[in-house]
Amino acid sequence: MSDHTLAGQFFDAAIGLLRRVRDEEADSIDAAGVLLADTVAAGGRLFAFGAGHSSLAAQDVVYRAGGLALMNLLVVPGVVGVDVMPATLGSALERVDGLASAVLDCSPLRAGDALVVISLSGRNALPVEMAVKARALGVKVIGVTSVAYATETRSRHVSGTYLKDHCDIVLDSKIAIGDAELTVDTVPAPFAPASTVVTSALLQAVMATAAGSLADRGVEPPLLRSGNVDGGHAWNNRVMEEYGDRIFYHH
């Protein structure tokens, strides 16, 4: 079997997942976009959080050309990305009880805000506690997860529940247990994960819906433009100034 064939199989698998998400999650995507638009229109702030590789999709919608300027990254030290040393520490921190509460207590989140929590398995203490605590503060929570994990794994949160159980809206990425799309007899483990591709696409679909929903009600969506396009910096400076009190990565 050639590499080209494997590459084609991965693209086919990713395209299949994207089609499923487009068709099966359409109502939830629309609801999530409207929730974000409602939050923006009401003066609320937007935040996104993901641990480990789930953080990639969170970062993809923060300070992004073509994206909503109000989307802020909720940072948990040692957890956002794979830059912590050793990398295994990040995985361990996801299982620590109380970490999410400590982070939220020190964060700018407040009632009326919206938080996107991304966790592929949704089983670790950190994302579950993050959603529970945020909702207790009066924050609306959008969870992005693979619902299948809840039927085939055991929760690592003391409550025995999953991220999906503590959200106002759940977006199901449809990713199979283990997040590896390909298997070959000559390769000892499944490989080729698609969760980043699918989760990022899901969230960009939500952002597009939010921008359209704001425009439909006569509110200019606070969008950023590329700094590599003429006039982009001037545009972004205007948006940053107008919404500066709701953009925390700019201070």
# chains A, B, ... in the order shown; residues from 1 in each chain; ligands from 1
call {"tool": "residues_around", "arguments": {"residues": "stretch 197-210 of chain A", "least_positions_apart": "6", "cutoff": "10 Å", "atoms": "only C-alpha atoms", "output": "PyMOL selection string"}}
result
chain A and resi 14-15+17-19+21-22+25-26+28-40+54+56-61+66-68+71+116+118-120+144-146+171-175+216+221
call {"tool": "residues_around", "arguments": {"residues": "A:Gly122", "least_positions_apart": "5", "cutoff": "12 Å", "atoms": "only C-alpha atoms", "output": "PDB file with N, CA and C atoms, in the first residue's frame"}}
result
ATOM      1  N   GLY A  50      -9.427  24.823  25.477  1.00  0.00           N
ATOM      2  CA  GLY A  50      -9.186  23.427  25.149  1.00  0.00           C
ATOM      3  C   GLY A  50      -7.863  23.028  25.763  1.00  0.00           C
ATOM      4  N   ALA A  51      -7.720  21.769  26.132  1.00  0.00           N
ATOM      5  CA  ALA A  51      -6.475  21.273  26.715  1.00  0.00           C
ATOM      6  C   ALA A  51      -5.743  20.413  25.701  1.00  0.00           C
ATOM      7  N   SER A  54      -6.697  19.682  21.912  1.00  0.00           N
ATOM      8  CA  SER A  54      -7.988  20.365  21.798  1.00  0.00           C
ATOM      9  C   SER A  54      -7.812  21.876  21.841  1.00  0.00           C
ATOM     10  N   GLU A  94      -4.831  17.693  33.277  1.00  0.00           N
ATOM     11  CA  GLU A  94      -6.238  17.600  32.875  1.00  0.00           C
ATOM     12  C   GLU A  94      -7.059  16.761  33.853  1.00  0.00           C
ATOM     13  N   ARG A  95      -6.387  15.977  34.670  1.00  0.00           N
ATOM     14  CA  ARG A  95      -7.080  15.070  35.582  1.00  0.00           C
ATOM     15  C   ARG A  95      -7.094  15.582  37.018  1.00  0.00           C
ATOM     16  N   VAL A 117     -15.965  25.178  25.418  1.00  0.00           N
ATOM     17  CA  VAL A 117     -15.059  24.201  26.031  1.00  0.00           C
ATOM     18  C   VAL A 117     -14.883  23.041  25.052  1.00  0.00           C
ATOM     19  N   PRO A 127     -12.097  19.705  31.859  1.00  0.00           N
ATOM     20  CA  PRO A 127     -13.202  20.259  31.066  1.00  0.00           C
ATOM     21  C   PRO A 127     -14.557  20.115  31.730  1.00  0.00           C
ATOM     22  N   VAL A 128     -14.774  19.019  32.458  1.00  0.00           N
ATOM     23  CA  VAL A 128     -16.054  18.833  33.146  1.00  0.00           C
ATOM     24  C   VAL A 128     -16.227  19.900  34.212  1.00  0.00           C
ATOM     25  N   GLU A 129     -15.213  20.059  35.032  1.00  0.00           N
ATOM     26  CA  GLU A 129     -15.269  21.060  36.105  1.00  0.00           C
ATOM     27  C   GLU A 129     -15.361  22.477  35.532  1.00  0.00           C
ATOM     28  N   MET A 130     -14.674  22.717  34.414  1.00  0.00           N
ATOM     29  CA  MET A 130     -14.717  24.021  33.763  1.00  0.00           C
ATOM     30  C   MET A 130     -16.152  24.370  33.371  1.00  0.00           C
ATOM     31  N   ALA A 131     -16.850  23.420  32.763  1.00  0.00           N
ATOM     32  CA  ALA A 131     -18.229  23.661  32.339  1.00  0.00           C
ATOM     33  C   ALA A 131     -19.151  23.855  33.534  1.00  0.00           C
ATOM     34  N   GLY A 143     -20.179  23.109  24.428  1.00  0.00           N
ATOM     35  CA  GLY A 143     -19.215  22.022  24.503  1.00  0.00           C
ATOM     36  C   GLY A 143     -18.977  21.409  23.135  1.00  0.00           C
ATOM     37  N   VAL A 144     -17.716  21.190  22.803  1.00  0.00           N
ATOM     38  CA  VAL A 144     -17.353  20.524  21.548  1.00  0.00           C
ATOM     39  C   VAL A 144     -16.625  19.241  21.926  1.00  0.00           C
ATOM     40  N   THR A 145     -17.227  18.114  21.613  1.00  0.00           N
ATOM     41  CA  THR A 145     -16.716  16.835  22.104  1.00  0.00           C
ATOM     42  C   THR A 145     -17.174  15.706  21.196  1.00  0.00           C
ATOM     43  N   SER A 146     -16.620  14.529  21.412  1.00  0.00           N
ATOM     44  CA  SER A 146     -17.119  13.328  20.738  1.00  0.00           C
ATOM     45  C   SER A 146     -18.019  12.593  21.720  1.00  0.00           C
ATOM     46  N   VAL A 147     -19.299  12.638  21.464  1.00  0.00           N
ATOM     47  CA  VAL A 147     -20.276  12.058  22.384  1.00  0.00           C
ATOM     48  C   VAL A 147     -20.059  10.549  22.553  1.00  0.00           C
ATOM     49  N   ALA A 148     -19.479   9.906  21.549  1.00  0.00           N
ATOM     50  CA  ALA A 148     -19.269   8.458  21.605  1.00  0.00           C
ATOM     51  C   ALA A 148     -18.421   8.040  22.797  1.00  0.00           C
ATOM     52  N   TYR A 149     -17.520   8.901  23.229  1.00  0.00           N
ATOM     53  CA  TYR A 149     -16.653   8.550  24.355  1.00  0.00           C
ATOM     54  C   TYR A 149     -17.444   8.261  25.626  1.00  0.00           C
ATOM     55  N   ALA A 150     -18.575   8.940  25.785  1.00  0.00           N
ATOM     56  CA  ALA A 150     -19.363   8.763  27.004  1.00  0.00           C
ATOM     57  C   ALA A 150     -19.992   7.375  27.084  1.00  0.00           C
ATOM     58  N   THR A 151     -20.107   6.687  25.963  1.00  0.00           N
ATOM     59  CA  THR A 151     -20.704   5.353  25.966  1.00  0.00           C
ATOM     60  C   THR A 151     -19.660   4.251  26.091  1.00  0.00           C
ATOM     61  N   GLU A 152     -18.388   4.570  25.867  1.00  0.00           N
ATOM     62  CA  GLU A 152     -17.366   3.526  25.820  1.00  0.00           C
ATOM     63  C   GLU A 152     -16.181   3.770  26.746  1.00  0.00           C
ATOM     64  N   THR A 153     -16.202   4.870  27.501  1.00  0.00           N
ATOM     65  CA  THR A 153     -15.119   5.125  28.457  1.00  0.00           C
ATOM     66  C   THR A 153     -15.732   5.472  29.808  1.00  0.00           C
ATOM     67  N   ARG A 154     -14.890   5.533  30.808  1.00  0.00           N
ATOM     68  CA  ARG A 154     -15.339   5.897  32.155  1.00  0.00           C
ATOM     69  C   ARG A 154     -14.875   7.321  32.467  1.00  0.00           C
ATOM     70  N   SER A 155     -15.765   8.121  33.010  1.00  0.00           N
ATOM     71  CA  SER A 155     -15.423   9.503  33.363  1.00  0.00           C
ATOM     72  C   SER A 155     -14.313   9.537  34.407  1.00  0.00           C
ATOM     73  N   ARG A 156     -13.434  10.548  34.293  1.00  0.00           N
ATOM     74  CA  ARG A 156     -12.386  10.746  35.293  1.00  0.00           C
ATOM     75  C   ARG A 156     -12.756  11.858  36.274  1.00  0.00           C
ATOM     76  N   HIS A 157     -13.990  12.373  36.159  1.00  0.00           N
ATOM     77  CA  HIS A 157     -14.445  13.388  37.107  1.00  0.00           C
ATOM     78  C   HIS A 157     -15.166  12.703  38.257  1.00  0.00           C
ATOM     79  N   GLY A 160     -18.649  11.388  37.839  1.00  0.00           N
ATOM     80  CA  GLY A 160     -18.942  10.329  36.879  1.00  0.00           C
ATOM     81  C   GLY A 160     -19.583  10.828  35.601  1.00  0.00           C
ATOM     82  N   THR A 161     -19.640  12.155  35.434  1.00  0.00           N
ATOM     83  CA  THR A 161     -20.270  12.745  34.256  1.00  0.00           C
ATOM     84  C   THR A 161     -19.225  13.204  33.252  1.00  0.00           C
ATOM     85  N   TYR A 162     -19.707  13.674  32.110  1.00  0.00           N
ATOM     86  CA  TYR A 162     -18.849  14.096  30.999  1.00  0.00           C
ATOM     87  C   TYR A 162     -19.154  15.549  30.644  1.00  0.00           C
ATOM     88  N   LEU A 163     -18.291  16.136  29.833  1.00  0.00           N
ATOM     89  CA  LEU A 163     -18.495  17.510  29.378  1.00  0.00           C
ATOM     90  C   LEU A 163     -19.886  17.699  28.795  1.00  0.00           C
ATOM     91  N   LYS A 164     -20.334  16.740  28.005  1.00  0.00           N
ATOM     92  CA  LYS A 164     -21.624  16.864  27.323  1.00  0.00           C
ATOM     93  C   LYS A 164     -22.799  17.029  28.291  1.00  0.00           C
ATOM     94  N   ASP A 165     -22.603  16.630  29.537  1.00  0.00           N
ATOM     95  CA  ASP A 165     -23.678  16.684  30.524  1.00  0.00           C
ATOM     96  C   ASP A 165     -23.818  18.053  31.176  1.00  0.00           C
ATOM     97  N   HIS A 166     -22.931  18.986  30.844  1.00  0.00           N
ATOM     98  CA  HIS A 166     -22.918  20.269  31.542  1.00  0.00           C
ATOM     99  C   HIS A 166     -22.825  21.445  30.574  1.00  0.00           C
ATOM    100  N   CYS A 167     -23.485  21.333  29.446  1.00  0.00           N
ATOM    101  CA  CYS A 167     -23.414  22.368  28.415  1.00  0.00           C
ATOM    102  C   CYS A 167     -24.801  22.872  28.047  1.00  0.00           C
ATOM    103  N   VAL A 170     -24.334  21.298  22.854  1.00  0.00           N
ATOM    104  CA  VAL A 170     -23.271  20.326  22.597  1.00  0.00           C
ATOM    105  C   VAL A 170     -23.079  20.178  21.091  1.00  0.00           C
ATOM    106  N   LEU A 171     -21.838  20.278  20.641  1.00  0.00           N
ATOM    107  CA  LEU A 171     -21.475  20.018  19.254  1.00  0.00           C
ATOM    108  C   LEU A 171     -20.687  18.709  19.222  1.00  0.00           C
ATOM    109  N   ASP A 172     -21.231  17.717  18.546  1.00  0.00           N
ATOM    110  CA  ASP A 172     -20.631  16.381  18.490  1.00  0.00           C
ATOM    111  C   ASP A 172     -19.727  16.274  17.268  1.00  0.00           C
ATOM    112  N   SER A 173     -18.428  16.074  17.508  1.00  0.00           N
ATOM    113  CA  SER A 173     -17.466  15.995  16.401  1.00  0.00           C
ATOM    114  C   SER A 173     -17.509  14.662  15.671  1.00  0.00           C
ATOM    115  N   ILE A 177     -13.622   6.626  18.993  1.00  0.00           N
ATOM    116  CA  ILE A 177     -12.763   6.422  20.149  1.00  0.00           C
ATOM    117  C   ILE A 177     -11.325   6.183  19.683  1.00  0.00           C
TER     118      ILE A 177
END
call {"tool": "residues_around", "arguments": {"residues": "stretch 236-251 of chain A", "least_positions_apart": "6", "cutoff": "7 Å", "atoms": "only C-alpha atoms", "output": "number ranges by chain"}}
result
A: 45, 70, 72, 222, 224-225
call {"tool": "write_last_selection", "arguments": {"atoms": "N, CA and C atoms", "output": "PDB file, in the first residue's frame"}}
result
ATOM      1  N   ARG A  45     -18.854  38.848  26.744  1.00  0.00           N
ATOM      2  CA  ARG A  45     -17.547  38.506  26.186  1.00  0.00           C
ATOM      3  C   ARG A  45     -17.506  37.023  25.823  1.00  0.00           C
ATOM      4  N   LEU A  70     -13.778  39.352  19.443  1.00  0.00           N
ATOM      5  CA  LEU A  70     -14.121  39.223  20.853  1.00  0.00           C
ATOM      6  C   LEU A  70     -13.842  37.838  21.422  1.00  0.00           C
ATOM      7  N   ASN A  72     -11.745  35.267  23.083  1.00  0.00           N
ATOM      8  CA  ASN A  72     -10.539  35.261  23.893  1.00  0.00           C
ATOM      9  C   ASN A  72     -10.166  33.838  24.298  1.00  0.00           C
ATOM     10  N   PRO A 222     -17.928  42.288  14.922  1.00  0.00           N
ATOM     11  CA  PRO A 222     -16.575  42.787  15.183  1.00  0.00           C
ATOM     12  C   PRO A 222     -15.522  41.825  14.648  1.00  0.00           C
ATOM     13  N   LEU A 224     -11.995  40.742  12.536  1.00  0.00           N
ATOM     14  CA  LEU A 224     -10.633  41.167  12.252  1.00  0.00           C
ATOM     15  C   LEU A 224     -10.302  40.911  10.793  1.00  0.00           C
ATOM     16  N   ARG A 225      -9.421  41.746  10.246  1.00  0.00           N
ATOM     17  CA  ARG A 225      -8.926  41.548   8.895  1.00  0.00           C
ATOM     18  C   ARG A 225      -7.444  41.172   8.949  1.00  0.00           C
TER      19      ARG A 225
END
call {"tool": "atom_distance", "arguments": {"atom1": "atom CA of A:Ala136", "atom2": "atom CA of A:Arg110"}}
result
10.1 Å
call {"tool": "atom_distance", "arguments": {"atom1": "atom CA of A:Val219", "atom2": "atom CA of A:Ala65"}}
result
19.0 Å
call {"tool": "residues_around", "arguments": {"residues": "A:Gly78", "least_positions_apart": "5", "cutoff": "8 Å", "atoms": "only C-alpha atoms", "output": "list of chain:residue names"}}
result
A:Asp83, A:Val84, A:Leu89, A:Gly90, A:Leu93
call {"tool": "write_last_selection", "arguments": {"atoms": "N, CA, C and O atoms", "output": "PDB file, in the first residue's frame"}}
result
ATOM      1  N   ASP A  83       3.470  22.679  24.726  1.00  0.00           N
ATOM      2  CA  ASP A  83       4.756  23.322  24.960  1.00  0.00           C
ATOM      3  C   ASP A  83       5.253  23.141  26.395  1.00  0.00           C
ATOM      4  O   ASP A  83       6.366  23.525  26.727  1.00  0.00           O
ATOM      5  N   VAL A  84       4.407  22.567  27.277  1.00  0.00           N
ATOM      6  CA  VAL A  84       4.853  22.303  28.637  1.00  0.00           C
ATOM      7  C   VAL A  84       5.842  21.134  28.623  1.00  0.00           C
ATOM      8  O   VAL A  84       5.725  20.212  27.814  1.00  0.00           O
ATOM      9  N   LEU A  89       3.042  16.131  31.413  1.00  0.00           N
ATOM     10  CA  LEU A  89       2.501  16.911  32.525  1.00  0.00           C
ATOM     11  C   LEU A  89       1.167  17.537  32.139  1.00  0.00           C
ATOM     12  O   LEU A  89       0.249  17.604  32.954  1.00  0.00           O
ATOM     13  N   GLY A  90       1.050  17.983  30.884  1.00  0.00           N
ATOM     14  CA  GLY A  90      -0.209  18.563  30.428  1.00  0.00           C
ATOM     15  C   GLY A  90      -1.358  17.573  30.549  1.00  0.00           C
ATOM     16  O   GLY A  90      -2.449  17.920  31.003  1.00  0.00           O
ATOM     17  N   LEU A  93      -2.309  17.186  34.223  1.00  0.00           N
ATOM     18  CA  LEU A  93      -3.030  18.320  34.791  1.00  0.00           C
ATOM     19  C   LEU A  93      -4.511  18.298  34.420  1.00  0.00           C
ATOM     20  O   LEU A  93      -5.347  18.811  35.166  1.00  0.00           O
TER      21      LEU A  93
END
call {"tool": "select_by_dssp", "arguments": {"residues": "stretch 14-181 of chain A", "states": "strand (DSSP E or B)", "output": "list in words"}}
result
Leu46, Phe47, Ala48, Phe49, Gly50, Gly52, Leu68, Met71, Asn72, Leu73, Val80, Ala114, Leu115, Val116, Val117, Ile118, Lys140, Val141, Ile142, Gly143, Val144, Thr145, Ile169, Val170, Leu171 and Asp172 of chain A
call {"tool": "write_last_selection", "arguments": {"atoms": "N, CA and C atoms", "output": "PDB file, in the first residue's frame"}}
result
ATOM      1  N   LEU A  46     -16.615  36.675  24.903  1.00  0.00           N
ATOM      2  CA  LEU A  46     -16.518  35.306  24.401  1.00  0.00           C
ATOM      3  C   LEU A  46     -15.165  34.708  24.769  1.00  0.00           C
ATOM      4  N   PHE A  47     -15.175  33.442  25.202  1.00  0.00           N
ATOM      5  CA  PHE A  47     -13.951  32.759  25.580  1.00  0.00           C
ATOM      6  C   PHE A  47     -13.959  31.345  24.997  1.00  0.00           C
ATOM      7  N   ALA A  48     -12.757  30.828  24.754  1.00  0.00           N
ATOM      8  CA  ALA A  48     -12.611  29.451  24.275  1.00  0.00           C
ATOM      9  C   ALA A  48     -11.518  28.771  25.074  1.00  0.00           C
ATOM     10  N   PHE A  49     -11.728  27.491  25.393  1.00  0.00           N
ATOM     11  CA  PHE A  49     -10.744  26.711  26.133  1.00  0.00           C
ATOM     12  C   PHE A  49     -10.653  25.301  25.578  1.00  0.00           C
ATOM     13  N   GLY A  50      -9.427  24.823  25.477  1.00  0.00           N
ATOM     14  CA  GLY A  50      -9.186  23.427  25.149  1.00  0.00           C
ATOM     15  C   GLY A  50      -7.863  23.028  25.763  1.00  0.00           C
ATOM     16  N   GLY A  52      -4.417  20.451  25.750  1.00  0.00           N
ATOM     17  CA  GLY A  52      -3.626  19.637  24.832  1.00  0.00           C
ATOM     18  C   GLY A  52      -3.930  19.975  23.389  1.00  0.00           C
ATOM     19  N   LEU A  68     -14.064  36.575  14.776  1.00  0.00           N
ATOM     20  CA  LEU A  68     -14.621  37.539  15.709  1.00  0.00           C
ATOM     21  C   LEU A  68     -13.533  38.017  16.671  1.00  0.00           C
ATOM     22  N   MET A  71     -13.378  36.905  20.608  1.00  0.00           N
ATOM     23  CA  MET A  71     -13.103  35.563  21.110  1.00  0.00           C
ATOM     24  C   MET A  71     -11.739  35.537  21.786  1.00  0.00           C
ATOM     25  N   ASN A  72     -11.745  35.267  23.083  1.00  0.00           N
ATOM     26  CA  ASN A  72     -10.539  35.261  23.893  1.00  0.00           C
ATOM     27  C   ASN A  72     -10.166  33.838  24.298  1.00  0.00           C
ATOM     28  N   LEU A  73      -8.873  33.573  24.424  1.00  0.00           N
ATOM     29  CA  LEU A  73      -8.413  32.263  24.880  1.00  0.00           C
ATOM     30  C   LEU A  73      -8.392  32.239  26.404  1.00  0.00           C
ATOM     31  N   VAL A  80      -2.532  24.440  27.917  1.00  0.00           N
ATOM     32  CA  VAL A  80      -2.876  24.928  26.584  1.00  0.00           C
ATOM     33  C   VAL A  80      -1.750  24.619  25.605  1.00  0.00           C
ATOM     34  N   ALA A 114     -19.936  33.954  27.328  1.00  0.00           N
ATOM     35  CA  ALA A 114     -20.077  32.622  26.730  1.00  0.00           C
ATOM     36  C   ALA A 114     -18.707  31.966  26.660  1.00  0.00           C
ATOM     37  N   LEU A 115     -18.667  30.669  26.953  1.00  0.00           N
ATOM     38  CA  LEU A 115     -17.421  29.911  26.966  1.00  0.00           C
ATOM     39  C   LEU A 115     -17.568  28.665  26.105  1.00  0.00           C
ATOM     40  N   VAL A 116     -16.649  28.501  25.160  1.00  0.00           N
ATOM     41  CA  VAL A 116     -16.565  27.273  24.365  1.00  0.00           C
ATOM     42  C   VAL A 116     -15.543  26.366  25.026  1.00  0.00           C
ATOM     43  N   VAL A 117     -15.965  25.178  25.418  1.00  0.00           N
ATOM     44  CA  VAL A 117     -15.059  24.201  26.031  1.00  0.00           C
ATOM     45  C   VAL A 117     -14.883  23.041  25.052  1.00  0.00           C
ATOM     46  N   ILE A 118     -13.640  22.798  24.661  1.00  0.00           N
ATOM     47  CA  ILE A 118     -13.338  21.764  23.674  1.00  0.00           C
ATOM     48  C   ILE A 118     -12.606  20.619  24.368  1.00  0.00           C
ATOM     49  N   LYS A 140     -22.789  31.009  29.725  1.00  0.00           N
ATOM     50  CA  LYS A 140     -23.319  30.011  28.799  1.00  0.00           C
ATOM     51  C   LYS A 140     -22.174  29.164  28.259  1.00  0.00           C
ATOM     52  N   VAL A 141     -22.357  27.852  28.216  1.00  0.00           N
ATOM     53  CA  VAL A 141     -21.287  26.940  27.808  1.00  0.00           C
ATOM     54  C   VAL A 141     -21.673  26.171  26.551  1.00  0.00           C
ATOM     55  N   ILE A 142     -20.782  26.239  25.563  1.00  0.00           N
ATOM     56  CA  ILE A 142     -20.887  25.432  24.352  1.00  0.00           C
ATOM     57  C   ILE A 142     -19.800  24.363  24.434  1.00  0.00           C
ATOM     58  N   GLY A 143     -20.179  23.109  24.428  1.00  0.00           N
ATOM     59  CA  GLY A 143     -19.215  22.022  24.503  1.00  0.00           C
ATOM     60  C   GLY A 143     -18.977  21.409  23.135  1.00  0.00           C
ATOM     61  N   VAL A 144     -17.716  21.190  22.803  1.00  0.00           N
ATOM     62  CA  VAL A 144     -17.353  20.524  21.548  1.00  0.00           C
ATOM     63  C   VAL A 144     -16.625  19.241  21.926  1.00  0.00           C
ATOM     64  N   THR A 145     -17.227  18.114  21.613  1.00  0.00           N
ATOM     65  CA  THR A 145     -16.716  16.835  22.104  1.00  0.00           C
ATOM     66  C   THR A 145     -17.174  15.706  21.196  1.00  0.00           C
ATOM     67  N   ILE A 169     -25.231  23.973  24.948  1.00  0.00           N
ATOM     68  CA  ILE A 169     -25.280  23.419  23.596  1.00  0.00           C
ATOM     69  C   ILE A 169     -24.090  22.472  23.436  1.00  0.00           C
ATOM     70  N   VAL A 170     -24.334  21.298  22.854  1.00  0.00           N
ATOM     71  CA  VAL A 170     -23.271  20.326  22.597  1.00  0.00           C
ATOM     72  C   VAL A 170     -23.079  20.178  21.091  1.00  0.00           C
ATOM     73  N   LEU A 171     -21.838  20.278  20.641  1.00  0.00           N
ATOM     74  CA  LEU A 171     -21.475  20.018  19.254  1.00  0.00           C
ATOM     75  C   LEU A 171     -20.687  18.709  19.222  1.00  0.00           C
ATOM     76  N   ASP A 172     -21.231  17.717  18.546  1.00  0.00           N
ATOM     77  CA  ASP A 172     -20.631  16.381  18.490  1.00  0.00           C
ATOM     78  C   ASP A 172     -19.727  16.274  17.268  1.00  0.00           C
TER      79      ASP A 172
END
